[in-house]
>>> print(open('start.pdb').read())   # PDB, C-alpha atoms, pLDDT in the B column
ATOM      1  CA  MET A   1       1.222  15.894   0.313  1.00 90.00           C
ATOM      2  CA  ASN A   2       1.442  14.223   3.721  1.00 97.00           C
ATOM      3  CA  LEU A   3       1.280  10.428   3.487  1.00 98.00           C
ATOM      4  CA  ASP A   4       1.951   9.626   7.133  1.00 98.00           C
ATOM      5  CA  ILE A   5      -1.446   7.933   7.523  1.00 98.00           C
ATOM      6  CA  ALA A   6      -0.823   5.708   4.499  1.00 98.00           C
ATOM      7  CA  ALA A   7       2.656   4.877   5.812  1.00 98.00           C
ATOM      8  CA  GLU A   8       1.250   3.906   9.213  1.00 98.00           C
ATOM      9  CA  LEU A   9      -1.379   1.694   7.577  1.00 98.00           C
ATOM     10  CA  CYS A  10       1.284   0.052   5.416  1.00 97.00           C
ATOM     11  CA  LYS A  11       3.492  -0.559   8.423  1.00 97.00           C
ATOM     12  CA  LYS A  12       0.649  -1.936  10.505  1.00 97.00           C
ATOM     13  CA  PHE A  13      -0.648  -4.324   7.872  1.00 95.00           C
ATOM     14  CA  GLU A  14       2.502  -5.198   5.912  1.00 93.00           C
ATOM     15  CA  GLY A  15       4.721  -5.648   8.941  1.00 92.00           C
ATOM     16  CA  LEU A  16       8.482  -5.463   9.021  1.00 94.00           C
ATOM     17  CA  ALA A  17       9.417  -8.994   8.109  1.00 87.00           C
ATOM     18  CA  LYS A  18      12.665 -10.896   8.484  1.00 91.00           C
ATOM     19  CA  VAL A  19      14.410  -8.746  11.103  1.00 94.00           C
ATOM     20  CA  GLY A  20      17.592 -10.446  12.253  1.00 93.00           C
ATOM     21  CA  ALA A  21      18.915 -10.624  15.808  1.00 94.00           C
ATOM     22  CA  ASN A  22      21.302  -7.853  14.746  1.00 95.00           C
ATOM     23  CA  GLY A  23      18.336  -5.564  13.971  1.00 95.00           C
ATOM     24  CA  MET A  24      19.005  -5.685  10.232  1.00 97.00           C
ATOM     25  CA  VAL A  25      16.138  -6.279   7.793  1.00 97.00           C
ATOM     26  CA  TYR A  26      16.713  -9.109   5.337  1.00 97.00           C
ATOM     27  CA  PRO A  27      15.036  -9.952   2.008  1.00 97.00           C
ATOM     28  CA  TYR A  28      12.261 -12.550   2.168  1.00 96.00           C
ATOM     29  CA  ILE A  29       9.753 -14.219  -0.115  1.00 93.00           C
ATOM     30  CA  CYS A  30       6.262 -12.752   0.321  1.00 86.00           C
ATOM     31  CA  PRO A  31       3.100 -14.904   0.142  1.00 79.00           C
ATOM     32  CA  ALA A  32       2.835 -14.076  -3.579  1.00 78.00           C
ATOM     33  CA  GLY A  33       6.283 -15.634  -4.104  1.00 85.00           C
ATOM     34  CA  ILE A  34       8.113 -12.337  -4.759  1.00 91.00           C
ATOM     35  CA  ALA A  35      11.426 -11.258  -3.220  1.00 96.00           C
ATOM     36  CA  THR A  36      10.603  -8.451  -0.801  1.00 95.00           C
ATOM     37  CA  ILE A  37      12.337  -6.333   1.839  1.00 97.00           C
ATOM     38  CA  GLY A  38      11.303  -3.967   4.608  1.00 97.00           C
ATOM     39  CA  TRP A  39       7.638  -2.990   4.708  1.00 97.00           C
ATOM     40  CA  GLY A  40       6.715  -4.995   1.621  1.00 94.00           C
ATOM     41  CA  SER A  41       9.001  -3.332  -0.921  1.00 95.00           C
ATOM     42  CA  THR A  42       9.720  -5.329  -4.054  1.00 94.00           C
ATOM     43  CA  TYR A  43      11.914  -2.625  -5.638  1.00 94.00           C
ATOM     44  CA  TYR A  44      14.567  -0.280  -4.324  1.00 96.00           C
ATOM     45  CA  ALA A  45      14.464   3.492  -4.817  1.00 93.00           C
ATOM     46  CA  ASP A  46      16.853   3.178  -7.778  1.00 94.00           C
ATOM     47  CA  GLY A  47      14.428   0.834  -9.570  1.00 92.00           C
ATOM     48  CA  ARG A  48      16.289  -2.429  -8.924  1.00 96.00           C
ATOM     49  CA  LYS A  49      14.156  -5.460  -8.066  1.00 97.00           C
ATOM     50  CA  VAL A  50      14.746  -6.918  -4.640  1.00 97.00           C
ATOM     51  CA  GLN A  51      16.727 -10.170  -4.827  1.00 98.00           C
ATOM     52  CA  MET A  52      17.093 -12.792  -2.121  1.00 97.00           C
ATOM     53  CA  THR A  53      20.877 -12.373  -2.339  1.00 98.00           C
ATOM     54  CA  ASP A  54      20.735  -8.630  -1.511  1.00 98.00           C
ATOM     55  CA  GLU A  55      22.449  -7.237   1.563  1.00 97.00           C
ATOM     56  CA  PRO A  56      20.190  -6.487   4.549  1.00 97.00           C
ATOM     57  CA  ILE A  57      19.058  -2.920   5.246  1.00 97.00           C
ATOM     58  CA  THR A  58      18.375  -1.031   8.466  1.00 97.00           C
ATOM     59  CA  LYS A  59      14.883  -0.276   9.758  1.00 96.00           C
ATOM     60  CA  ASP A  60      15.547   3.405   8.987  1.00 97.00           C
ATOM     61  CA  GLN A  61      16.352   2.477   5.384  1.00 97.00           C
ATOM     62  CA  ALA A  62      13.153   0.400   5.216  1.00 97.00           C
ATOM     63  CA  ASP A  63      11.143   3.389   6.502  1.00 97.00           C
ATOM     64  CA  LYS A  64      12.720   5.696   3.926  1.00 97.00           C
ATOM     65  CA  LEU A  65      12.157   3.195   1.128  1.00 97.00           C
ATOM     66  CA  LEU A  66       8.464   2.940   2.031  1.00 98.00           C
ATOM     67  CA  MET A  67       8.064   6.737   1.919  1.00 98.00           C
ATOM     68  CA  ILE A  68       9.885   6.960  -1.419  1.00 97.00           C
ATOM     69  CA  GLU A  69       7.565   4.331  -2.897  1.00 96.00           C
ATOM     70  CA  LEU A  70       4.452   5.984  -1.498  1.00 98.00           C
ATOM     71  CA  HIS A  71       5.428   9.430  -2.804  1.00 97.00           C
ATOM     72  CA  HIS A  72       6.962   8.479  -6.161  1.00 96.00           C
ATOM     73  CA  THR A  73       4.905   5.479  -7.269  1.00 95.00           C
ATOM     74  CA  TYR A  74       1.601   5.172  -5.431  1.00 97.00           C
ATOM     75  CA  LEU A  75       0.655   8.819  -4.862  1.00 98.00           C
ATOM     76  CA  PRO A  76       1.071   9.787  -8.545  1.00 98.00           C
ATOM     77  CA  GLY A  77      -0.740   6.629  -9.669  1.00 98.00           C
ATOM     78  CA  VAL A  78      -3.689   7.237  -7.364  1.00 98.00           C
ATOM     79  CA  LEU A  79      -3.946  10.923  -8.309  1.00 98.00           C
ATOM     80  CA  ARG A  80      -3.713  10.124 -12.028  1.00 98.00           C
ATOM     81  CA  ASN A  81      -6.686   7.775 -11.676  1.00 98.00           C
ATOM     82  CA  CYS A  82      -8.645   9.637  -8.995  1.00 98.00           C
ATOM     83  CA  PRO A  83      -7.874  13.369  -9.213  1.00 98.00           C
ATOM     84  CA  ILE A  84     -10.826  14.105  -6.918  1.00 98.00           C
ATOM     85  CA  LEU A  85      -8.663  12.849  -4.031  1.00 98.00           C
ATOM     86  CA  ALA A  86      -6.179  15.736  -4.375  1.00 97.00           C
ATOM     87  CA  THR A  87      -8.305  17.890  -2.079  1.00 97.00           C
ATOM     88  CA  ASP A  88      -8.854  15.375   0.732  1.00 98.00           C
ATOM     89  CA  GLU A  89      -5.732  14.108   2.473  1.00 97.00           C
ATOM     90  CA  ARG A  90      -7.495  11.419   4.562  1.00 98.00           C
ATOM     91  CA  LYS A  91      -9.246   9.875   1.584  1.00 98.00           C
ATOM     92  CA  LEU A  92      -6.079  10.104  -0.475  1.00 98.00           C
ATOM     93  CA  ASN A  93      -4.104   8.292   2.240  1.00 98.00           C
ATOM     94  CA  SER A  94      -6.720   5.545   2.264  1.00 98.00           C
ATOM     95  CA  LEU A  95      -6.358   4.926  -1.454  1.00 98.00           C
ATOM     96  CA  VAL A  96      -2.566   5.202  -1.435  1.00 98.00           C
ATOM     97  CA  ASP A  97      -2.512   2.411   1.164  1.00 98.00           C
ATOM     98  CA  TRP A  98      -4.938   0.356  -0.936  1.00 98.00           C
ATOM     99  CA  ALA A  99      -2.786   0.877  -4.031  1.00 98.00           C
ATOM    100  CA  TYR A 100       0.351  -0.135  -2.118  1.00 97.00           C
ATOM    101  CA  ASN A 101      -1.400  -3.384  -1.223  1.00 94.00           C
ATOM    102  CA  CYS A 102      -3.297  -4.085  -4.450  1.00 94.00           C
ATOM    103  CA  GLY A 103      -1.433  -2.100  -7.111  1.00 94.00           C
ATOM    104  CA  VAL A 104      -2.137   1.011  -9.159  1.00 97.00           C
ATOM    105  CA  GLY A 105      -2.880  -1.186 -12.177  1.00 97.00           C
ATOM    106  CA  ARG A 106      -5.873  -2.684 -10.426  1.00 97.00           C
ATOM    107  CA  LEU A 107      -7.192   0.805  -9.666  1.00 98.00           C
ATOM    108  CA  GLN A 108      -7.061   1.852 -13.339  1.00 97.00           C
ATOM    109  CA  THR A 109      -9.901  -0.383 -14.491  1.00 94.00           C
ATOM    110  CA  SER A 110     -11.811  -0.779 -11.235  1.00 97.00           C
ATOM    111  CA  THR A 111     -15.325   0.061 -10.214  1.00 98.00           C
ATOM    112  CA  LEU A 112     -13.651   1.514  -7.113  1.00 98.00           C
ATOM    113  CA  LYS A 113     -12.088   4.215  -9.306  1.00 98.00           C
ATOM    114  CA  ARG A 114     -15.466   5.030 -10.859  1.00 98.00           C
ATOM    115  CA  LYS A 115     -17.159   5.290  -7.450  1.00 98.00           C
ATOM    116  CA  ILE A 116     -14.433   7.578  -6.092  1.00 98.00           C
ATOM    117  CA  ASN A 117     -14.452   9.890  -9.109  1.00 98.00           C
ATOM    118  CA  ALA A 118     -18.248  10.126  -8.862  1.00 98.00           C
ATOM    119  CA  GLY A 119     -17.930  11.120  -5.188  1.00 98.00           C
ATOM    120  CA  ASP A 120     -19.893   8.005  -4.188  1.00 98.00           C
ATOM    121  CA  TRP A 121     -18.093   7.323  -0.906  1.00 98.00           C
ATOM    122  CA  GLU A 122     -20.511   4.657   0.315  1.00 98.00           C
ATOM    123  CA  GLY A 123     -20.088   2.868  -3.013  1.00 98.00           C
ATOM    124  CA  ALA A 124     -16.313   3.251  -2.709  1.00 98.00           C
ATOM    125  CA  LYS A 125     -16.421   1.621   0.727  1.00 98.00           C
ATOM    126  CA  GLU A 126     -18.428  -1.273  -0.685  1.00 98.00           C
ATOM    127  CA  GLN A 127     -15.841  -1.676  -3.436  1.00 98.00           C
ATOM    128  CA  LEU A 128     -12.924  -1.569  -0.977  1.00 98.00           C
ATOM    129  CA  MET A 129     -14.525  -4.377   0.999  1.00 98.00           C
ATOM    130  CA  LEU A 130     -14.462  -6.602  -2.081  1.00 97.00           C
ATOM    131  CA  TRP A 131     -10.640  -6.690  -1.887  1.00 97.00           C
ATOM    132  CA  THR A 132     -10.341  -8.948   1.165  1.00 95.00           C
ATOM    133  CA  ARG A 133      -9.506 -12.289  -0.419  1.00 91.00           C
ATOM    134  CA  GLY A 134      -6.294 -14.155  -0.869  1.00 83.00           C
ATOM    135  CA  GLY A 135      -6.134 -17.679  -2.215  1.00 80.00           C
ATOM    136  CA  GLY A 136      -9.917 -17.669  -2.681  1.00 87.00           C
ATOM    137  CA  LYS A 137     -10.818 -16.950   0.937  1.00 89.00           C
ATOM    138  CA  VAL A 138     -11.339 -13.861   3.080  1.00 92.00           C
ATOM    139  CA  LEU A 139      -8.164 -13.099   5.007  1.00 91.00           C
ATOM    140  CA  PRO A 140      -8.626 -11.513   8.446  1.00 93.00           C
ATOM    141  CA  GLY A 141      -5.689  -9.131   7.919  1.00 93.00           C
ATOM    142  CA  LEU A 142      -7.089  -7.860   4.623  1.00 95.00           C
ATOM    143  CA  LEU A 143     -10.529  -7.466   6.188  1.00 97.00           C
ATOM    144  CA  LYS A 144      -9.032  -5.295   8.969  1.00 98.00           C
ATOM    145  CA  ARG A 145      -6.988  -3.301   6.462  1.00 98.00           C
ATOM    146  CA  ARG A 146     -10.013  -2.559   4.251  1.00 98.00           C
ATOM    147  CA  LYS A 147     -12.040  -1.487   7.304  1.00 98.00           C
ATOM    148  CA  ALA A 148      -9.247   0.900   8.315  1.00 98.00           C
ATOM    149  CA  GLU A 149      -9.181   2.326   4.768  1.00 98.00           C
ATOM    150  CA  CYS A 150     -12.967   2.685   4.748  1.00 98.00           C
ATOM    151  CA  ALA A 151     -12.863   4.626   8.021  1.00 98.00           C
ATOM    152  CA  LEU A 152     -10.752   7.276   6.249  1.00 98.00           C
ATOM    153  CA  LEU A 153     -13.464   7.767   3.617  1.00 98.00           C
ATOM    154  CA  ASP A 154     -15.947   9.142   6.187  1.00 93.00           C
TER     155      ASP A 154
END
>>> encode(input="start.pdb", output="structure tokens")
Amino acid sequence: MNLDIAAELCKKFEGLAKVGANGMVYPYICPAGIATIGWGSTYYADGRKVQMTDEPITKDQADKLLMIELHHTYLPGVLRNCPILATDERKLNSLVDWAYNCGVGRLQTSTLKRKINAGDWEGAKEQLMLWTRGGGKVLPGLLKRRKAECALLD
């Protein structure tokens, strides 16, 4: 399954944080207070949690790590919860990006999942737009991200 659209959304909205003058990508603390590296990765491909004391990685390694996470964590989680998406690559990419941002666990018990599995795409868009808050207020970046995900559901 091609997840290039999801990867581009992740890159656009997560950003490549903490790039040194040497071009290396260093660990950082994300707004949720979690050690992170690259395009928002909190774990490495081997399952280790990112630590602030970890060595930096290259941008190429960050790109590869993102694709590994999308294919091995988020794609299976989204398909397990929303098998209807297996036949529509654009819609699948939308939800893989959402899951990367919000987590597969949140999808499991969500109204969003029910709307998707019922084929209610307008209802799914409405549900996506409920996930725009951080710290109790609507965040412009999340609003733009949800709109981009909704556009893929058309």
>>> closest_residue(input="start.pdb", among="A:Leu143, A:Met1, A:Cys10, A:Ile29", to="Trp98 in chain A", atoms="only C-alpha atoms")
A:Cys10
>>> closest_residue(input="start.pdb", among="A:Leu139, A:His71, A:Arg146, A:Tyr28", to="Gln51 in chain A", atoms="all atoms listed in the file")
A:Tyr28
>>> residues_around(input="start.pdb", residues="Ile5 in chain A", least_positions_apart="6", cutoff="8 Å", atoms="all atoms listed in the file", output="list in words")
Arg90, Asn93 and Ser94 of chain A
>>> closest_residue(input="start.pdb", among="A:Trp121, A:Tyr100, A:Trp131, A:Tyr26", to="Leu3 in chain A", atoms="all atoms listed in the file")
A:Tyr100
>>> residues_near_point(input="start.pdb", point="(18.5, -5.5, 6.5)", cutoff="8 Å", atoms="all atoms listed in the file", output="short mmCIF file (atom, residue, chain, number, x, y, z; two decimals) with C-alpha atoms, in the coordinates of the input")
data_model
loop_
_atom_site.label_atom_id
_atom_site.label_comp_id
_atom_site.auth_asym_id
_atom_site.auth_seq_id
_atom_site.Cartn_x
_atom_site.Cartn_y
_atom_site.Cartn_z
CA VAL A 19 14.41 -8.75 11.10
CA GLY A 20 17.59 -10.45 12.25
CA GLY A 23 18.34 -5.56 13.97
CA MET A 24 19.00 -5.68 10.23
CA VAL A 25 16.14 -6.28 7.79
CA TYR A 26 16.71 -9.11 5.34
CA PRO A 27 15.04 -9.95 2.01
CA ILE A 37 12.34 -6.33 1.84
CA GLY A 38 11.30 -3.97 4.61
CA GLU A 55 22.45 -7.24 1.56
CA PRO A 56 20.19 -6.49 4.55
CA ILE A 57 19.06 -2.92 5.25
CA THR A 58 18.38 -1.03 8.47
CA LYS A 59 14.88 -0.28 9.76
#
>>> closest_residue(input="start.pdb", among="A:Ala118, A:Ala124, A:Gly136, A:Gly141", to="Gly15 in chain A", atoms="all atoms listed in the file")
A:Gly141
>>> closest_residue(input="start.pdb", among="A:Ala17, A:Cys150, A:Ala45, A:Ile68", to="Glu126 in chain A", atoms="all atoms listed in the file")
A:Cys150
>>> closest_residue(input="start.pdb", among="A:Leu9, A:Leu142, A:Pro31, A:Asp154", to="Glu122 in chain A", atoms="all atoms listed in the file")
A:Asp154
>>> resolve_selection(input="start.pdb", expression="the PyMOL selection byres ((chain A and resi 76) around 12)", output="list in words")
Met1, Ile68, Glu69, Leu70, His71, His72, Thr73, Tyr74, Leu75, Gly77, Val78, Leu79, Arg80, Asn81, Cys82, Pro83, Leu85, Ala86, Leu92, Leu95, Val96, Ala99, Tyr100 and Val104 of chain A
>>> atom_distance(input="start.pdb", atom1="CA of Asn2 in chain A", atom2="CA of Lys91 in chain A")
11.7 Å
>>> atom_distance(input="start.pdb", atom1="CA of Ala32 in chain A", atom2="CA of Lys113 in chain A")
24.3 Å
>>> residues_around(input="start.pdb", residues="Ala7 in chain A", least_positions_apart="6", cutoff="8 Å", atoms="all atoms listed in the file", output="count of residues only")
4
>>> residues_around(input="start.pdb", residues="Ser41 in chain A", least_positions_apart="5", cutoff="8 Å", atoms="all atoms listed in the file", output="VMD selection string")
chain A and resid 36 50 65 to 66
>>> atom_distance(input="start.pdb", atom1="CA of Asn117 in chain A", atom2="CA of Gly105 in chain A")
16.3 Å
